[in-house]
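The next block is entry.txt, given as compact mmCIF, N, CA and C atoms.
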# COMPACT_ATOMS: atom_id res chain seq x y z
N GLN A 1 246.51 119.67 324.23
CA GLN A 1 247.00 119.91 322.89
C GLN A 1 246.98 121.39 322.56
N VAL A 2 247.87 121.79 321.69
CA VAL A 2 247.98 123.17 321.24
C VAL A 2 247.97 123.19 319.72
N GLN A 3 247.18 124.11 319.18
CA GLN A 3 247.13 124.27 317.73
C GLN A 3 247.72 125.64 317.38
N LEU A 4 248.51 125.66 316.32
CA LEU A 4 249.17 126.87 315.87
C LEU A 4 248.90 127.07 314.38
N VAL A 5 248.48 128.27 314.03
CA VAL A 5 248.18 128.56 312.64
C VAL A 5 248.90 129.84 312.23
N GLU A 6 249.80 129.71 311.27
CA GLU A 6 250.55 130.86 310.78
C GLU A 6 249.85 131.52 309.60
N SER A 7 250.13 132.81 309.45
CA SER A 7 249.65 133.55 308.29
C SER A 7 250.57 134.73 308.08
N GLY A 8 250.40 135.39 306.94
CA GLY A 8 251.17 136.60 306.68
C GLY A 8 252.32 136.44 305.71
N GLY A 9 252.60 135.21 305.30
CA GLY A 9 253.67 135.02 304.32
C GLY A 9 253.26 135.55 302.96
N GLY A 10 254.20 135.54 302.04
CA GLY A 10 253.91 135.99 300.69
C GLY A 10 255.17 136.20 299.90
N SER A 11 255.00 136.78 298.73
CA SER A 11 256.12 137.08 297.84
C SER A 11 256.35 138.58 297.82
N VAL A 12 257.56 138.99 298.15
CA VAL A 12 257.90 140.41 298.19
C VAL A 12 259.26 140.62 297.54
N GLN A 13 259.54 141.86 297.24
CA GLN A 13 260.84 142.20 296.68
C GLN A 13 261.84 142.48 297.80
N SER A 14 263.08 142.34 297.47
CA SER A 14 264.15 142.60 298.42
C SER A 14 264.01 144.00 299.01
N GLY A 15 264.21 144.11 300.31
CA GLY A 15 264.10 145.39 300.99
C GLY A 15 262.75 145.66 301.61
N LYS A 16 261.77 144.88 301.23
CA LYS A 16 260.43 145.07 301.77
C LYS A 16 260.26 144.39 303.13
N SER A 17 259.07 144.56 303.70
CA SER A 17 258.78 144.02 305.03
C SER A 17 257.59 143.08 304.97
N LEU A 18 257.54 142.19 305.94
CA LEU A 18 256.40 141.32 306.14
C LEU A 18 256.19 141.13 307.63
N ARG A 19 254.94 140.89 307.99
CA ARG A 19 254.62 140.58 309.38
C ARG A 19 253.91 139.24 309.41
N LEU A 20 254.54 138.29 310.06
CA LEU A 20 253.94 136.98 310.21
C LEU A 20 253.14 136.93 311.50
N THR A 21 252.05 136.19 311.45
CA THR A 21 251.17 136.04 312.60
C THR A 21 250.96 134.57 312.90
N CYS A 22 250.94 134.24 314.17
CA CYS A 22 250.67 132.88 314.61
C CYS A 22 249.54 132.94 315.64
N GLU A 23 248.46 132.27 315.30
CA GLU A 23 247.32 132.21 316.22
C GLU A 23 247.36 130.88 316.96
N ALA A 24 247.39 130.96 318.28
CA ALA A 24 247.48 129.77 319.11
C ALA A 24 246.14 129.48 319.77
N SER A 25 245.84 128.21 319.90
CA SER A 25 244.62 127.80 320.58
C SER A 25 244.87 126.47 321.30
N GLY A 26 243.97 126.14 322.21
CA GLY A 26 244.12 124.89 322.95
C GLY A 26 244.57 125.13 324.38
N SER A 27 245.36 124.20 324.88
CA SER A 27 245.83 124.23 326.27
C SER A 27 247.06 125.13 326.40
N LEU A 28 246.84 126.41 326.40
CA LEU A 28 247.93 127.37 326.33
C LEU A 28 248.57 127.68 327.68
N THR A 29 247.91 127.34 328.77
CA THR A 29 248.47 127.67 330.08
C THR A 29 249.77 126.93 330.35
N SER A 30 249.97 125.82 329.64
CA SER A 30 251.19 125.03 329.85
C SER A 30 252.37 125.52 329.00
N ILE A 31 252.14 126.47 328.13
CA ILE A 31 253.20 126.94 327.23
C ILE A 31 254.16 127.86 327.96
N THR A 32 255.45 127.56 327.86
CA THR A 32 256.47 128.35 328.56
C THR A 32 257.20 129.31 327.61
N PHE A 33 257.39 128.89 326.37
CA PHE A 33 257.99 129.81 325.41
C PHE A 33 257.55 129.43 324.01
N MET A 34 257.63 130.40 323.10
CA MET A 34 257.26 130.20 321.70
C MET A 34 258.33 130.77 320.80
N GLY A 35 258.35 130.30 319.58
CA GLY A 35 259.39 130.77 318.68
C GLY A 35 258.98 130.70 317.22
N TRP A 36 259.78 131.34 316.42
CA TRP A 36 259.67 131.28 314.96
C TRP A 36 260.90 130.56 314.42
N PHE A 37 260.64 129.68 313.48
CA PHE A 37 261.70 128.94 312.82
C PHE A 37 261.50 129.04 311.32
N ARG A 38 262.55 128.72 310.59
CA ARG A 38 262.41 128.68 309.14
C ARG A 38 263.17 127.50 308.58
N HIS A 39 262.63 127.02 307.47
CA HIS A 39 263.27 125.91 306.78
C HIS A 39 263.70 126.44 305.43
N LEU A 40 265.01 126.64 305.28
CA LEU A 40 265.55 127.19 304.06
C LEU A 40 265.50 126.15 302.95
N PRO A 41 265.33 126.59 301.71
CA PRO A 41 265.30 125.65 300.59
C PRO A 41 266.68 125.06 300.32
N GLY A 42 266.71 123.92 299.70
CA GLY A 42 267.96 123.29 299.33
C GLY A 42 268.25 122.06 300.14
N PRO A 43 269.07 121.17 299.57
CA PRO A 43 269.38 119.91 300.26
C PRO A 43 270.20 120.16 301.52
N GLY A 44 269.94 119.32 302.53
CA GLY A 44 270.71 119.39 303.76
C GLY A 44 270.39 120.55 304.67
N LYS A 45 269.38 121.32 304.31
CA LYS A 45 269.04 122.48 305.15
C LYS A 45 268.01 122.07 306.20
N GLY A 46 268.35 122.26 307.46
CA GLY A 46 267.42 121.93 308.52
C GLY A 46 266.58 123.11 308.91
N ARG A 47 265.83 122.92 309.96
CA ARG A 47 264.97 123.99 310.48
C ARG A 47 265.81 124.82 311.45
N GLU A 48 265.88 126.13 311.22
CA GLU A 48 266.70 126.98 312.07
C GLU A 48 265.86 127.97 312.84
N GLY A 49 266.30 128.25 314.06
CA GLY A 49 265.59 129.19 314.90
C GLY A 49 265.82 130.62 314.43
N VAL A 50 264.76 131.40 314.45
CA VAL A 50 264.83 132.81 314.05
C VAL A 50 264.72 133.71 315.27
N ALA A 51 263.70 133.47 316.07
CA ALA A 51 263.47 134.29 317.26
C ALA A 51 262.56 133.54 318.20
N ALA A 52 262.67 133.85 319.49
CA ALA A 52 261.84 133.21 320.49
C ALA A 52 261.51 134.19 321.60
N ILE A 53 260.42 133.88 322.30
CA ILE A 53 260.00 134.72 323.41
C ILE A 53 259.36 133.84 324.47
N ASP A 54 259.68 134.10 325.74
CA ASP A 54 259.07 133.29 326.77
C ASP A 54 257.90 134.04 327.38
N ARG A 55 257.21 133.40 328.31
CA ARG A 55 255.98 134.01 328.83
C ARG A 55 256.26 135.25 329.67
N GLY A 56 257.53 135.44 330.04
CA GLY A 56 257.92 136.64 330.77
C GLY A 56 258.37 137.75 329.85
N GLY A 57 258.43 137.44 328.54
CA GLY A 57 258.85 138.45 327.58
C GLY A 57 260.33 138.41 327.24
N LEU A 58 261.07 137.44 327.75
CA LEU A 58 262.49 137.34 327.44
C LEU A 58 262.65 136.94 325.98
N LEU A 59 263.49 137.71 325.26
CA LEU A 59 263.65 137.51 323.82
C LEU A 59 264.95 136.81 323.49
N SER A 60 264.90 136.02 322.42
CA SER A 60 266.10 135.37 321.89
C SER A 60 266.07 135.55 320.38
N TYR A 61 267.21 135.91 319.81
CA TYR A 61 267.30 136.11 318.37
C TYR A 61 268.51 135.36 317.83
N ALA A 62 268.34 134.87 316.60
CA ALA A 62 269.48 134.28 315.92
C ALA A 62 270.41 135.39 315.45
N ASP A 63 271.70 135.09 315.41
CA ASP A 63 272.67 136.08 314.95
C ASP A 63 272.38 136.52 313.51
N SER A 64 271.83 135.61 312.73
CA SER A 64 271.58 135.90 311.32
C SER A 64 270.49 136.97 311.12
N ASP A 65 269.71 137.26 312.16
CA ASP A 65 268.65 138.26 312.03
C ASP A 65 269.22 139.65 311.79
N ASN A 66 270.37 139.94 312.38
CA ASN A 66 271.01 141.25 312.23
C ASN A 66 270.06 142.39 312.54
N GLY A 67 269.20 142.19 313.52
CA GLY A 67 268.31 143.26 313.94
C GLY A 67 267.15 143.51 313.00
N ARG A 68 266.96 142.65 312.01
CA ARG A 68 265.90 142.87 311.04
C ARG A 68 264.57 142.22 311.44
N PHE A 69 264.62 141.32 312.40
CA PHE A 69 263.41 140.61 312.81
C PHE A 69 263.06 140.98 314.25
N ILE A 70 261.77 141.16 314.49
CA ILE A 70 261.31 141.47 315.83
C ILE A 70 260.16 140.55 316.19
N ILE A 71 260.32 139.81 317.27
CA ILE A 71 259.26 138.93 317.74
C ILE A 71 258.48 139.62 318.84
N SER A 72 257.18 139.39 318.85
CA SER A 72 256.34 139.96 319.89
C SER A 72 255.14 139.04 320.11
N GLN A 73 254.45 139.27 321.20
CA GLN A 73 253.28 138.46 321.49
C GLN A 73 252.19 139.30 322.11
N ASP A 74 250.98 138.90 321.89
CA ASP A 74 249.83 139.49 322.55
C ASP A 74 249.12 138.33 323.24
N ARG A 75 249.43 138.16 324.50
CA ARG A 75 248.92 136.98 325.21
C ARG A 75 247.42 137.07 325.42
N SER A 76 246.88 138.29 325.42
CA SER A 76 245.43 138.44 325.59
C SER A 76 244.68 137.90 324.38
N LYS A 77 245.35 137.90 323.22
CA LYS A 77 244.74 137.41 322.00
C LYS A 77 245.33 136.07 321.55
N ASN A 78 246.26 135.55 322.34
CA ASN A 78 246.93 134.28 321.98
C ASN A 78 247.59 134.37 320.62
N MET A 79 248.27 135.47 320.39
CA MET A 79 248.91 135.71 319.10
C MET A 79 250.41 135.91 319.27
N LEU A 80 251.14 135.41 318.31
CA LEU A 80 252.58 135.60 318.23
C LEU A 80 252.88 136.23 316.88
N TYR A 81 253.81 137.18 316.87
CA TYR A 81 254.11 137.91 315.64
C TYR A 81 255.61 137.86 315.34
N LEU A 82 255.92 138.01 314.07
CA LEU A 82 257.30 138.21 313.65
C LEU A 82 257.30 139.31 312.60
N GLN A 83 257.82 140.46 312.99
CA GLN A 83 257.97 141.56 312.06
C GLN A 83 259.33 141.42 311.39
N MET A 84 259.32 141.38 310.07
CA MET A 84 260.57 141.23 309.32
C MET A 84 260.74 142.44 308.42
N ILE A 85 261.87 143.10 308.51
CA ILE A 85 262.14 144.28 307.68
C ILE A 85 263.38 144.01 306.84
N SER A 86 263.55 144.85 305.82
CA SER A 86 264.72 144.75 304.95
C SER A 86 264.98 143.32 304.50
N LEU A 87 263.96 142.70 304.00
CA LEU A 87 264.07 141.29 303.63
C LEU A 87 265.05 141.10 302.48
N LYS A 88 265.71 139.96 302.52
CA LYS A 88 266.71 139.60 301.51
C LYS A 88 266.30 138.29 300.83
N PRO A 89 266.79 138.05 299.63
CA PRO A 89 266.46 136.77 298.98
C PRO A 89 266.82 135.56 299.82
N GLU A 90 267.89 135.66 300.61
CA GLU A 90 268.28 134.52 301.46
C GLU A 90 267.33 134.28 302.63
N ASP A 91 266.36 135.18 302.82
CA ASP A 91 265.32 134.96 303.83
C ASP A 91 264.19 134.08 303.29
N THR A 92 264.25 133.76 302.01
CA THR A 92 263.23 132.90 301.42
C THR A 92 263.21 131.55 302.11
N ALA A 93 262.05 131.19 302.63
CA ALA A 93 261.94 129.95 303.40
C ALA A 93 260.49 129.74 303.79
N MET A 94 260.22 128.54 304.32
CA MET A 94 258.95 128.29 304.98
C MET A 94 259.17 128.66 306.44
N TYR A 95 258.30 129.50 306.97
CA TYR A 95 258.41 129.96 308.35
C TYR A 95 257.37 129.26 309.21
N TYR A 96 257.83 128.79 310.37
CA TYR A 96 256.98 128.03 311.28
C TYR A 96 256.92 128.69 312.65
N CYS A 97 255.76 128.61 313.22
CA CYS A 97 255.55 129.00 314.60
C CYS A 97 255.61 127.72 315.44
N ALA A 98 256.19 127.82 316.64
CA ALA A 98 256.30 126.66 317.50
C ALA A 98 256.08 127.06 318.95
N ALA A 99 255.64 126.09 319.74
CA ALA A 99 255.39 126.33 321.16
C ALA A 99 255.96 125.20 322.00
N SER A 100 256.44 125.56 323.17
CA SER A 100 257.04 124.58 324.05
C SER A 100 256.39 124.62 325.43
N ARG A 101 256.29 123.46 326.06
CA ARG A 101 255.80 123.40 327.44
C ARG A 101 256.91 122.96 328.39
N ARG A 102 258.14 123.13 327.94
CA ARG A 102 259.29 122.70 328.76
C ARG A 102 259.85 123.88 329.55
N ASP A 103 260.50 123.54 330.60
CA ASP A 103 261.09 124.56 331.47
C ASP A 103 262.57 124.68 331.15
N TYR A 104 262.88 125.21 329.96
CA TYR A 104 264.25 125.34 329.50
C TYR A 104 264.72 126.78 329.61
N VAL A 105 265.99 126.96 329.92
CA VAL A 105 266.54 128.31 329.93
C VAL A 105 266.68 128.80 328.50
N SER A 106 266.88 130.10 328.35
CA SER A 106 266.79 130.74 327.03
C SER A 106 267.81 130.23 326.02
N ARG A 107 268.92 129.69 326.45
CA ARG A 107 269.92 129.20 325.49
C ARG A 107 269.37 128.10 324.60
N TRP A 108 268.26 127.47 325.03
CA TRP A 108 267.67 126.40 324.24
C TRP A 108 266.46 126.85 323.44
N HIS A 109 266.12 128.11 323.53
CA HIS A 109 264.87 128.56 322.92
C HIS A 109 264.93 128.65 321.40
N LEU A 110 266.09 128.58 320.80
CA LEU A 110 266.20 128.59 319.34
C LEU A 110 266.53 127.20 318.80
N ASP A 111 266.45 126.22 319.65
CA ASP A 111 266.70 124.84 319.25
C ASP A 111 265.36 124.18 318.93
N PRO A 112 265.16 123.74 317.70
CA PRO A 112 263.86 123.15 317.35
C PRO A 112 263.51 121.92 318.20
N ASP A 113 264.50 121.24 318.73
CA ASP A 113 264.23 120.06 319.57
C ASP A 113 263.62 120.43 320.92
N SER A 114 263.58 121.73 321.22
CA SER A 114 263.00 122.19 322.49
C SER A 114 261.50 122.39 322.42
N TYR A 115 260.93 122.16 321.24
CA TYR A 115 259.53 122.50 321.02
C TYR A 115 258.64 121.27 320.87
N ASP A 116 257.40 121.45 321.33
CA ASP A 116 256.45 120.35 321.34
C ASP A 116 255.36 120.47 320.27
N TYR A 117 255.07 121.69 319.88
CA TYR A 117 253.97 121.92 318.94
C TYR A 117 254.43 122.81 317.80
N TRP A 118 253.95 122.49 316.62
CA TRP A 118 254.34 123.23 315.41
C TRP A 118 253.12 123.55 314.55
N GLY A 119 253.20 124.70 313.91
CA GLY A 119 252.19 125.03 312.92
C GLY A 119 252.55 124.42 311.58
N GLN A 120 251.73 124.68 310.60
CA GLN A 120 251.92 124.13 309.25
C GLN A 120 252.88 124.95 308.41
N GLY A 121 253.13 126.17 308.82
CA GLY A 121 254.09 127.00 308.12
C GLY A 121 253.44 127.98 307.16
N THR A 122 254.16 129.05 306.88
CA THR A 122 253.74 130.04 305.90
C THR A 122 254.97 130.39 305.06
N GLN A 123 254.79 130.41 303.75
CA GLN A 123 255.91 130.58 302.84
C GLN A 123 256.24 132.06 302.67
N VAL A 124 257.51 132.38 302.77
CA VAL A 124 258.02 133.72 302.49
C VAL A 124 259.00 133.60 301.33
N THR A 125 258.73 134.37 300.27
CA THR A 125 259.61 134.37 299.11
C THR A 125 260.05 135.80 298.84
N VAL A 126 261.35 136.01 298.80
CA VAL A 126 261.91 137.34 298.57
C VAL A 126 262.69 137.32 297.27
N SER A 127 262.29 138.17 296.37
CA SER A 127 262.97 138.24 295.07
C SER A 127 263.88 139.45 295.01
N SER A 128 264.94 139.32 294.23
CA SER A 128 265.91 140.41 294.14
C SER A 128 265.49 141.43 293.10

Starting from the coordinates I provided, produce the structure as structure tokens.
Amino acid sequence: QVQLVESGGGSVQSGKSLRLTCEASGSLTSITFMGWFRHLPGPGKGREGVAAIDRGGLLSYADSDNGRFIISQDRSKNMLYLQMISLKPEDTAMYYCAASRRDYVSRWHLDPDSYDYWGQGTQVTVSS
């Protein structure tokens, strides 16, 4: 089993930055890639991939990031990060950390169905 705990969310004004942190614990040797997802508010909105990184450091980003989000990991500390800059009100969402033990190529790393473990989420609210 793998446990994931997110932190770093909060309420900020448009244009500001936030850094999300995900602390992983448990059976981590089986993890092949990890990612950040968000669940936007409103009806019919699913969980969308934001960024992902595999154990070799290969990065995947959603087109909607527009270079504003940077994912990184510190495997020595079992930590995953998401640096978000120039935040916009439309970035308001619950952000989740996720981990996968599957051997999928990177095209699937932003698909929430590719993941086995999820954190509880951290709320990010951006006001205009």

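Shortest separation to Asp54 (chain A) among A:Gly42, A:Met94, A:Leu82, A:Ser106 occurs at residue A:Ser106, atoms counted being only N, CA and C atoms.
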
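Comparing A:Phe33, A:Tyr61, A:Phe69, A:Tyr81 by their smallest distance to Tyr115 (chain A), the closest is A:Phe33 (using all atoms listed in the file).
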
What residues in chain A get the DSSP label strand (DSSP E or B)? Please answer as a PyMOL selection string.
chain A and resi 2-7+10-13+18-26+33-39+47-54+59-61+69-74+79-84+93-100+117-118+122-127

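For the choices A:Ile71, A:Leu18, A:Val126, A:Leu28, the atom-to-atom distance to Gln1 (chain A) is smallest for A:Leu28 when using only N, CA and C atoms.
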
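With all atoms listed in the file as the atoms that count, the residue of A:Gly121, A:Gly26, A:Gly8, A:Gly35 with the shortest distance to Ala98 (chain A) is A:Gly35.
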
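With only C-alpha atoms as the basis for measurement, A:Glu6 is the residue among A:Asp63, A:Glu6, A:Glu48, A:Asp91 that approaches Ser25 (chain A) most closely.
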
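Minimum atom-to-atom distances from A:Ile53, A:Trp36, A:Gln83, A:Ser64 to Tyr96 (chain A) were compared using all atoms listed in the file, and the lowest value belongs to A:Trp36.
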
Starting from the incomplete input, reconstruct N, CA, C and O atoms of region 9-33 of chain A and report them as a compact mmCIF listing (two decimals), keeping the file's coordinate frame.
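Contents of rebuild14.txt, freshly written:
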# COMPACT_ATOMS: atom_id res chain seq x y z
N GLY A 9 252.60 135.21 305.30
CA GLY A 9 253.67 135.02 304.32
C GLY A 9 253.26 135.55 302.96
O GLY A 9 252.11 135.94 302.74
N GLY A 10 254.20 135.54 302.04
CA GLY A 10 253.91 135.99 300.69
C GLY A 10 255.17 136.20 299.90
O GLY A 10 256.27 135.85 300.35
N SER A 11 255.00 136.78 298.73
CA SER A 11 256.12 137.08 297.84
C SER A 11 256.35 138.58 297.82
O SER A 11 255.43 139.34 297.50
N VAL A 12 257.56 138.99 298.15
CA VAL A 12 257.90 140.41 298.19
C VAL A 12 259.26 140.62 297.54
O VAL A 12 260.04 139.68 297.37
N GLN A 13 259.54 141.86 297.24
CA GLN A 13 260.84 142.20 296.68
C GLN A 13 261.84 142.48 297.80
O GLN A 13 261.45 142.82 298.93
N SER A 14 263.08 142.34 297.47
CA SER A 14 264.15 142.60 298.42
C SER A 14 264.01 144.00 299.01
O SER A 14 263.70 144.96 298.28
N GLY A 15 264.21 144.11 300.31
CA GLY A 15 264.10 145.39 300.99
C GLY A 15 262.75 145.66 301.61
O GLY A 15 262.62 146.59 302.43
N LYS A 16 261.77 144.88 301.23
CA LYS A 16 260.43 145.07 301.77
C LYS A 16 260.26 144.39 303.13
O LYS A 16 261.18 143.74 303.62
N SER A 17 259.07 144.56 303.70
CA SER A 17 258.78 144.02 305.03
C SER A 17 257.59 143.08 304.97
O SER A 17 256.74 143.17 304.07
N LEU A 18 257.54 142.19 305.94
CA LEU A 18 256.40 141.32 306.14
C LEU A 18 256.19 141.13 307.63
O LEU A 18 257.15 141.17 308.41
N ARG A 19 254.94 140.89 307.99
CA ARG A 19 254.62 140.58 309.38
C ARG A 19 253.91 139.24 309.41
O ARG A 19 252.82 139.10 308.86
N LEU A 20 254.54 138.29 310.06
CA LEU A 20 253.94 136.98 310.21
C LEU A 20 253.14 136.93 311.50
O LEU A 20 253.52 137.53 312.51
N THR A 21 252.05 136.19 311.45
CA THR A 21 251.17 136.04 312.60
C THR A 21 250.96 134.57 312.90
O THR A 21 250.83 133.76 311.99
N CYS A 22 250.94 134.24 314.17
CA CYS A 22 250.67 132.88 314.61
C CYS A 22 249.54 132.94 315.64
O CYS A 22 249.67 133.61 316.67
N GLU A 23 248.46 132.27 315.30
CA GLU A 23 247.32 132.21 316.22
C GLU A 23 247.36 130.88 316.96
O GLU A 23 247.39 129.82 316.34
N ALA A 24 247.39 130.96 318.28
CA ALA A 24 247.48 129.77 319.11
C ALA A 24 246.14 129.48 319.77
O ALA A 24 245.42 130.40 320.15
N SER A 25 245.84 128.21 319.90
CA SER A 25 244.62 127.80 320.58
C SER A 25 244.87 126.47 321.30
O SER A 25 245.84 125.78 321.02
N GLY A 26 243.97 126.14 322.21
CA GLY A 26 244.12 124.89 322.95
C GLY A 26 244.57 125.13 324.38
O GLY A 26 244.25 126.15 324.98
N SER A 27 245.36 124.20 324.88
CA SER A 27 245.83 124.23 326.27
C SER A 27 247.06 125.13 326.40
O SER A 27 248.18 124.65 326.54
N LEU A 28 246.84 126.41 326.40
CA LEU A 28 247.93 127.37 326.33
C LEU A 28 248.57 127.68 327.68
O LEU A 28 249.67 128.23 327.73
N THR A 29 247.91 127.34 328.77
CA THR A 29 248.47 127.67 330.08
C THR A 29 249.77 126.93 330.35
O THR A 29 250.58 127.34 331.17
N SER A 30 249.97 125.82 329.64
CA SER A 30 251.19 125.03 329.85
C SER A 30 252.37 125.52 329.00
O SER A 30 253.48 125.04 329.18
N ILE A 31 252.14 126.47 328.13
CA ILE A 31 253.20 126.94 327.23
C ILE A 31 254.16 127.86 327.96
O ILE A 31 253.74 128.82 328.61
N THR A 32 255.45 127.56 327.86
CA THR A 32 256.47 128.35 328.56
C THR A 32 257.20 129.31 327.61
O THR A 32 257.60 130.39 328.02
N PHE A 33 257.39 128.89 326.37
CA PHE A 33 257.99 129.81 325.41
C PHE A 33 257.55 129.43 324.01
O PHE A 33 257.12 128.30 323.76
